[in-house]
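A.B. asks: What follows is my_file-v3.cif; its format and atoms are mmCIF, C-alpha atoms and all ligand atoms.
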```cif
data_start
#
loop_
_atom_site.label_atom_id
_atom_site.label_comp_id
_atom_site.auth_asym_id
_atom_site.auth_seq_id
_atom_site.Cartn_x
_atom_site.Cartn_y
_atom_site.Cartn_z
CA MET A 802 8.84 -14.11 -15.92
CA LYS A 803 9.76 -12.49 -12.60
CA ALA A 804 6.58 -11.50 -10.81
CA ALA A 805 6.32 -9.76 -7.44
CA ILE A 806 3.49 -8.63 -5.26
CA TYR A 807 3.41 -5.47 -3.19
CA PRO A 808 0.77 -6.02 -0.51
CA GLY A 809 -0.56 -3.40 1.88
CA SER A 810 -3.50 -1.37 3.10
CA PHE A 811 -2.83 1.72 0.97
CA ASP A 812 -5.47 3.70 2.88
CA PRO A 813 -4.66 5.97 1.10
CA VAL A 814 -1.70 5.42 -1.26
CA THR A 815 1.06 7.93 -0.41
CA LEU A 816 4.07 9.24 -2.34
CA GLY A 817 6.16 6.81 -0.24
CA HIS A 818 4.19 3.85 -1.61
CA ILE A 819 4.44 5.18 -5.17
CA ASP A 820 8.21 5.51 -4.82
CA ILE A 821 8.43 1.83 -3.78
CA ILE A 822 6.11 0.77 -6.64
CA GLU A 823 8.21 2.63 -9.24
CA ARG A 824 11.46 1.17 -7.96
CA ALA A 825 10.03 -2.38 -7.77
CA SER A 826 8.66 -2.04 -11.32
CA ARG A 827 12.23 -1.58 -12.56
CA MET A 828 13.34 -4.83 -10.87
CA PHE A 829 10.55 -7.19 -11.87
CA ASP A 830 8.72 -8.03 -15.09
CA GLU A 831 5.38 -7.60 -13.37
CA VAL A 832 4.42 -6.06 -10.04
CA THR A 833 0.96 -6.63 -8.63
CA VAL A 834 -0.05 -4.12 -6.00
CA CYS A 835 -2.52 -5.95 -3.81
CA VAL A 836 -4.91 -4.21 -1.44
CA LEU A 837 -5.45 -6.49 1.53
CA ASP A 838 -8.48 -6.06 3.72
CA ASN A 839 -6.87 -5.59 7.14
CA LYS A 840 -9.50 -6.27 9.75
CA ALA A 841 -7.36 -4.70 12.47
CA LYS A 842 -7.67 -1.27 10.84
CA THR A 843 -10.81 0.83 10.32
CA PRO A 844 -10.31 2.18 6.82
CA LEU A 845 -11.13 5.60 5.43
CA PHE A 846 -11.55 4.20 1.90
CA SER A 847 -13.24 0.96 0.86
CA VAL A 848 -11.11 -1.73 -0.79
CA ASP A 849 -12.68 -0.90 -4.18
CA GLU A 850 -11.94 2.81 -3.75
CA ARG A 851 -8.32 2.01 -2.87
CA VAL A 852 -7.96 -0.24 -5.91
CA LYS A 853 -9.33 2.51 -8.17
CA MET A 854 -7.04 5.16 -6.70
CA LEU A 855 -4.00 2.88 -7.07
CA GLN A 856 -4.94 2.11 -10.68
CA LYS A 857 -5.10 5.82 -11.40
CA VAL A 858 -1.76 6.68 -9.76
CA CYS A 859 -0.02 3.71 -11.45
CA GLU A 860 -1.57 4.19 -14.89
CA ASN A 861 1.72 5.26 -16.45
CA ILE A 862 3.73 2.28 -15.21
CA SER A 863 3.01 -0.40 -17.78
CA ASN A 864 4.13 -3.48 -15.81
CA VAL A 865 2.12 -2.68 -12.68
CA ARG A 866 -1.36 -4.02 -12.09
CA VAL A 867 -3.64 -3.58 -9.11
CA ASP A 868 -5.84 -6.12 -7.40
CA SER A 869 -7.40 -6.84 -4.03
CA TYR A 870 -7.68 -9.97 -1.94
CA TYR A 871 -9.51 -11.06 1.14
CA GLY A 872 -7.45 -13.80 2.74
CA LEU A 873 -3.86 -14.84 3.26
CA MET A 874 -1.29 -13.03 1.18
CA VAL A 875 0.60 -16.27 0.52
CA ASP A 876 -2.51 -17.80 -1.09
CA TYR A 877 -2.88 -14.78 -3.33
CA ALA A 878 0.81 -14.83 -4.29
CA ARG A 879 0.57 -18.52 -5.18
CA SER A 880 -2.55 -17.91 -7.30
CA ILE A 881 -0.68 -15.47 -9.53
CA GLY A 882 2.65 -17.33 -9.51
CA ALA A 883 4.58 -14.67 -7.58
CA HIS A 884 7.48 -15.82 -5.41
CA VAL A 885 8.51 -12.43 -4.10
CA SER A 886 6.74 -10.00 -1.83
CA ILE A 887 7.96 -6.41 -1.73
CA ARG A 888 7.80 -4.39 1.47
CA GLY A 889 9.09 -0.95 2.34
CA LEU A 890 11.23 -0.22 5.37
CA ARG A 891 11.10 3.25 6.83
CA ALA A 892 12.73 3.06 10.24
CA VAL A 893 13.99 0.51 12.74
CA THR A 894 10.48 0.50 14.18
CA ASP A 895 9.19 -1.13 10.97
CA PHE A 896 11.84 -3.83 11.12
CA GLU A 897 10.58 -6.01 13.95
CA TYR A 898 7.08 -6.27 12.55
CA GLU A 899 8.29 -6.76 8.98
CA LEU A 900 10.80 -9.45 9.95
CA GLN A 901 8.08 -11.42 11.73
CA LEU A 902 5.70 -11.00 8.78
CA ALA A 903 8.36 -12.12 6.29
CA GLN A 904 9.24 -15.20 8.33
CA THR A 905 5.59 -16.09 8.85
CA ASN A 906 4.93 -15.86 5.12
CA ARG A 907 7.95 -18.01 4.33
CA MET A 908 6.69 -20.63 6.77
CA LEU A 909 3.11 -20.49 5.43
CA SER A 910 4.32 -20.81 1.84
CA ASN A 911 6.76 -23.65 2.61
CA GLY A 912 9.60 -21.46 1.46
CA ASP A 913 7.88 -20.48 -1.77
CA LEU A 914 7.42 -16.78 -0.97
CA ASP A 915 10.37 -14.59 -0.06
CA THR A 916 10.24 -10.95 1.01
CA ILE A 917 12.45 -8.26 -0.45
CA PHE A 918 12.75 -4.98 1.43
CA LEU A 919 13.24 -1.66 -0.27
CA THR A 920 14.41 1.09 2.03
CA THR A 921 12.40 4.26 1.88
CA SER A 922 13.72 7.27 0.05
CA ALA A 923 14.90 9.70 2.73
CA LYS A 924 12.37 12.34 1.66
CA TYR A 925 9.47 9.96 2.40
CA SER A 926 10.78 8.25 5.52
CA TYR A 927 8.31 10.10 7.79
CA LEU A 928 5.29 9.23 5.66
CA ASN A 929 2.58 6.79 6.55
CA SER A 930 -1.08 6.56 5.65
CA SER A 931 -2.33 7.05 9.21
CA GLY A 932 -0.33 10.25 9.53
CA VAL A 933 -1.81 11.58 6.29
CA LYS A 934 -5.33 10.86 7.56
CA GLU A 935 -4.63 12.55 10.88
CA ILE A 936 -3.24 15.69 9.24
CA ALA A 937 -6.19 15.81 6.83
CA ALA A 938 -8.73 15.35 9.64
CA PHE A 939 -7.49 18.66 11.09
CA GLY A 940 -7.44 20.39 7.71
CA GLY A 941 -3.62 20.36 7.42
CA ASP A 942 -1.56 20.49 4.24
CA ILE A 943 -1.14 17.00 2.75
CA SER A 944 0.11 18.13 -0.65
CA LYS A 945 3.64 16.86 0.08
CA CYS A 946 2.32 13.41 1.08
CA VAL A 947 -0.02 12.32 -1.72
CA THR A 948 -0.70 13.10 -5.39
CA PRO A 949 -3.19 15.91 -6.18
CA TYR A 950 -5.68 13.29 -7.35
CA VAL A 951 -5.52 11.35 -4.07
CA GLU A 952 -5.64 14.62 -2.12
CA GLY A 953 -8.92 15.48 -3.88
CA LEU A 954 -10.38 12.09 -2.96
CA ILE A 955 -9.39 12.55 0.70
CA TRP A 956 -11.06 15.95 0.98
CA GLU A 957 -14.15 14.60 -0.78
CA LYS A 958 -14.33 11.64 1.62
CA LEU A 959 -13.92 13.84 4.69
CA ARG A 960 -16.66 16.21 3.45
CA GLU A 961 -18.96 13.21 2.90
CA ARG A 962 -18.25 11.99 6.44
CA ALA A 963 -18.85 15.42 7.97
CA LYS A 964 -22.18 15.67 6.16
CA LYS A 965 -23.23 12.23 7.40
CA ALA A 966 -22.28 13.15 10.96
CA GLU A 967 -24.45 16.31 10.73
CA ASN A 968 -27.55 14.31 9.74
P1 LIG B 1 1.04 2.23 6.13
O1 LIG B 1 -0.40 2.27 6.58
O2 LIG B 1 2.03 2.14 7.28
O3 LIG B 1 1.39 3.26 5.14
P2 LIG B 1 0.68 -0.04 4.29
O4 LIG B 1 0.14 -1.34 4.76
O5 LIG B 1 -0.18 0.77 3.42
O6 LIG B 1 1.19 0.77 5.54
O7 LIG B 1 2.11 -0.22 3.61
C1 LIG B 1 2.47 -1.24 2.73
C2 LIG B 1 3.99 -1.31 2.71
O8 LIG B 1 4.52 -0.07 2.26
C3 LIG B 1 4.65 -1.59 4.06
O9 LIG B 1 5.74 -2.47 3.84
C4 LIG B 1 5.15 -0.25 4.49
O10 LIG B 1 6.29 -0.36 5.33
C5 LIG B 1 5.52 0.37 3.16
N1 LIG B 1 5.53 1.83 3.21
C6 LIG B 1 4.54 2.65 3.65
N2 LIG B 1 4.93 3.95 3.58
C7 LIG B 1 6.20 3.95 3.11
C8 LIG B 1 7.18 4.98 2.86
N3 LIG B 1 6.93 6.25 3.11
N4 LIG B 1 8.38 4.59 2.37
C9 LIG B 1 8.65 3.28 2.16
N5 LIG B 1 7.79 2.26 2.39
C10 LIG B 1 6.58 2.59 2.88
#
```
Hey, can you dump this file as structure tokens for me?
Ligand code: ADP

C.D. replies:
Amino acid sequence: MKAAIYPGSFDPVTLGHIDIIERASRMFDEVTVCVLDNKAKTPLFSVDERVKMLQKVCENISNVRVDSYYGLMVDYARSIGAHVSIRGLRAVTDFEYELQLAQTNRMLSNGDLDTIFLTTSAKYSYLNSSGVKEIAAFGGDISKCVTPYVEGLIWEKLRERAKKAEN
């Protein structure tokens, strides 16, 4: 069985991520989308919330499952028997970071984990999760960036935060 993992922050999952997930699901028998707890980023959604939202947006793709992991991605990949990591490439700016990450993971896994890059669909090349959060923070229109379900969760989260800040 050909298994792949698609690791990332997914804070929140965007239409760009979903496009990569759908395309990867046609190439592999099983794709595990794995939410990694990135300590360098302060998240809007908790890991559990991100897992739930990914499960919901992927519910119609039968060979995709969603999980989370706190630790090294190579250890997680090994634990599920995946030898391929999927990453998306949007622009040249992604390349340097992604190349380094791919080579590091190959080294850490003793050559057991390779990275396959899927280039972004042109219509999503501008999209990233941070941008979506910034637009939403100023009340902008994010309907072209995320699914209606995820959009609802973002507004709900921002309302919660505003309420907390008032108290
Ligand atoms: P980001 O916060 O930049 O959206 P993530 O860690 O959630 O990053 O992304 C996981 C992977 O998905 C990365 O390889 C990233 O390059 C890729 N990705 C993110 N957005 C897109 C997009 N619009 N098109 C293609 N790939 C994307």

A.B. asks: Could you tell me how far CA of Ile862 (chain A) sits from CA of Asp838 (chain A), in Å to one decimal place?

C.D. replies: 24.0 Å

A.B. asks: Counting all atoms listed in the file, which residue out of A:Ile806, A:Ile821, A:Ile917, A:Ala903 sits closest to ligand LIG 1 (chain B)?

C.D. replies: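 Counting all atoms listed in the file, the residue closest to ligand LIG 1 (chain B) is A:Ile821.
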
A.B. asks: Would you mind listing the residues within 8 Å of ligand LIG 1 (chain B), counting all atoms listed in the file, as a count of residues only?

C.D. replies: 33

A.B. asks: Could you tell me how far CA of Cys835 (chain A) sits from CA of Leu914 (chain A), in Å to one decimal place?

C.D. replies: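 Computing the Euclidean distance for CA of Leu914 (chain A) and CA of Cys835 (chain A) yields 15.0 Å.
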
A.B. asks: List the spatial neighbours of Leu909 (chain A) as a ChimeraX atom specification - criterion: any atom at most 12 Å away, only C-alpha atoms, same-chain residues fewer than 4 positions off excluded.

C.D. replies: /A:873-876,878-879,902-905,913-915

A.B. asks: CA of Lys857 (chain A) and CA of Lys803 (chain A) are how many Å apart?

C.D. replies: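 Here the two named atoms are 23.6 Å from each other.
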
A.B. asks: Tell me which of A:Lys945, A:His884, A:Lys853, A:Lys965 sits closest to Gly912 (chain A), counting only C-alpha atoms.

C.D. replies: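 Closest to Gly912 (chain A), using only C-alpha atoms: A:His884.
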
A.B. asks: Can you tell me, as a PyMOL selection string, what residues are no more than 10 Å from Ser863 (chain A) when counting all atoms listed in the file, ignoring any on the same chain fewer than 5 positions away?

C.D. replies: chain A and resi 826+830-832

A.B. asks: Which residue is closest to Gly872 (chain A)? Choose from A:Asn968, A:Ser886, A:Ser847, A:Asn839 and count all atoms listed in the file.

C.D. replies: A:Asn839

A.B. asks: Using all atoms listed in the file for the distances, tell me which of A:Leu845, A:Met828, A:Ile819, A:Cys859 is nearest to Glu961 (chain A).

C.D. replies: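 Result for the nearest residue to Glu961 (chain A): A:Leu845.
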
A.B. asks: Find the residue from A:Val885, A:Ala963, A:Ile955, A:Leu837 that sits nearest to Ala937 (chain A); use only C-alpha atoms when measuring.

C.D. replies: A:Ile955

A.B. asks: Given the choices A:Ile936, A:Val865, A:Met908, A:Ala841, which gets closest to Glu952 (chain A) if the distance is worked out from all atoms listed in the file?

C.D. replies: A:Ile936

A.B. asks: Using only the atoms of region 944-960 of chain A listed in the file, plus 5 Å on each side, state the axis-aligned box centre and edge lengths in Å rounded to one decimal, as AutoDock Vina command-line options.

C.D. replies:
```
--center_x -6.5 --center_y 14.7 --center_z -1.3 --size_x 30.3 --size_y 16.8 --size_z 22.0
```
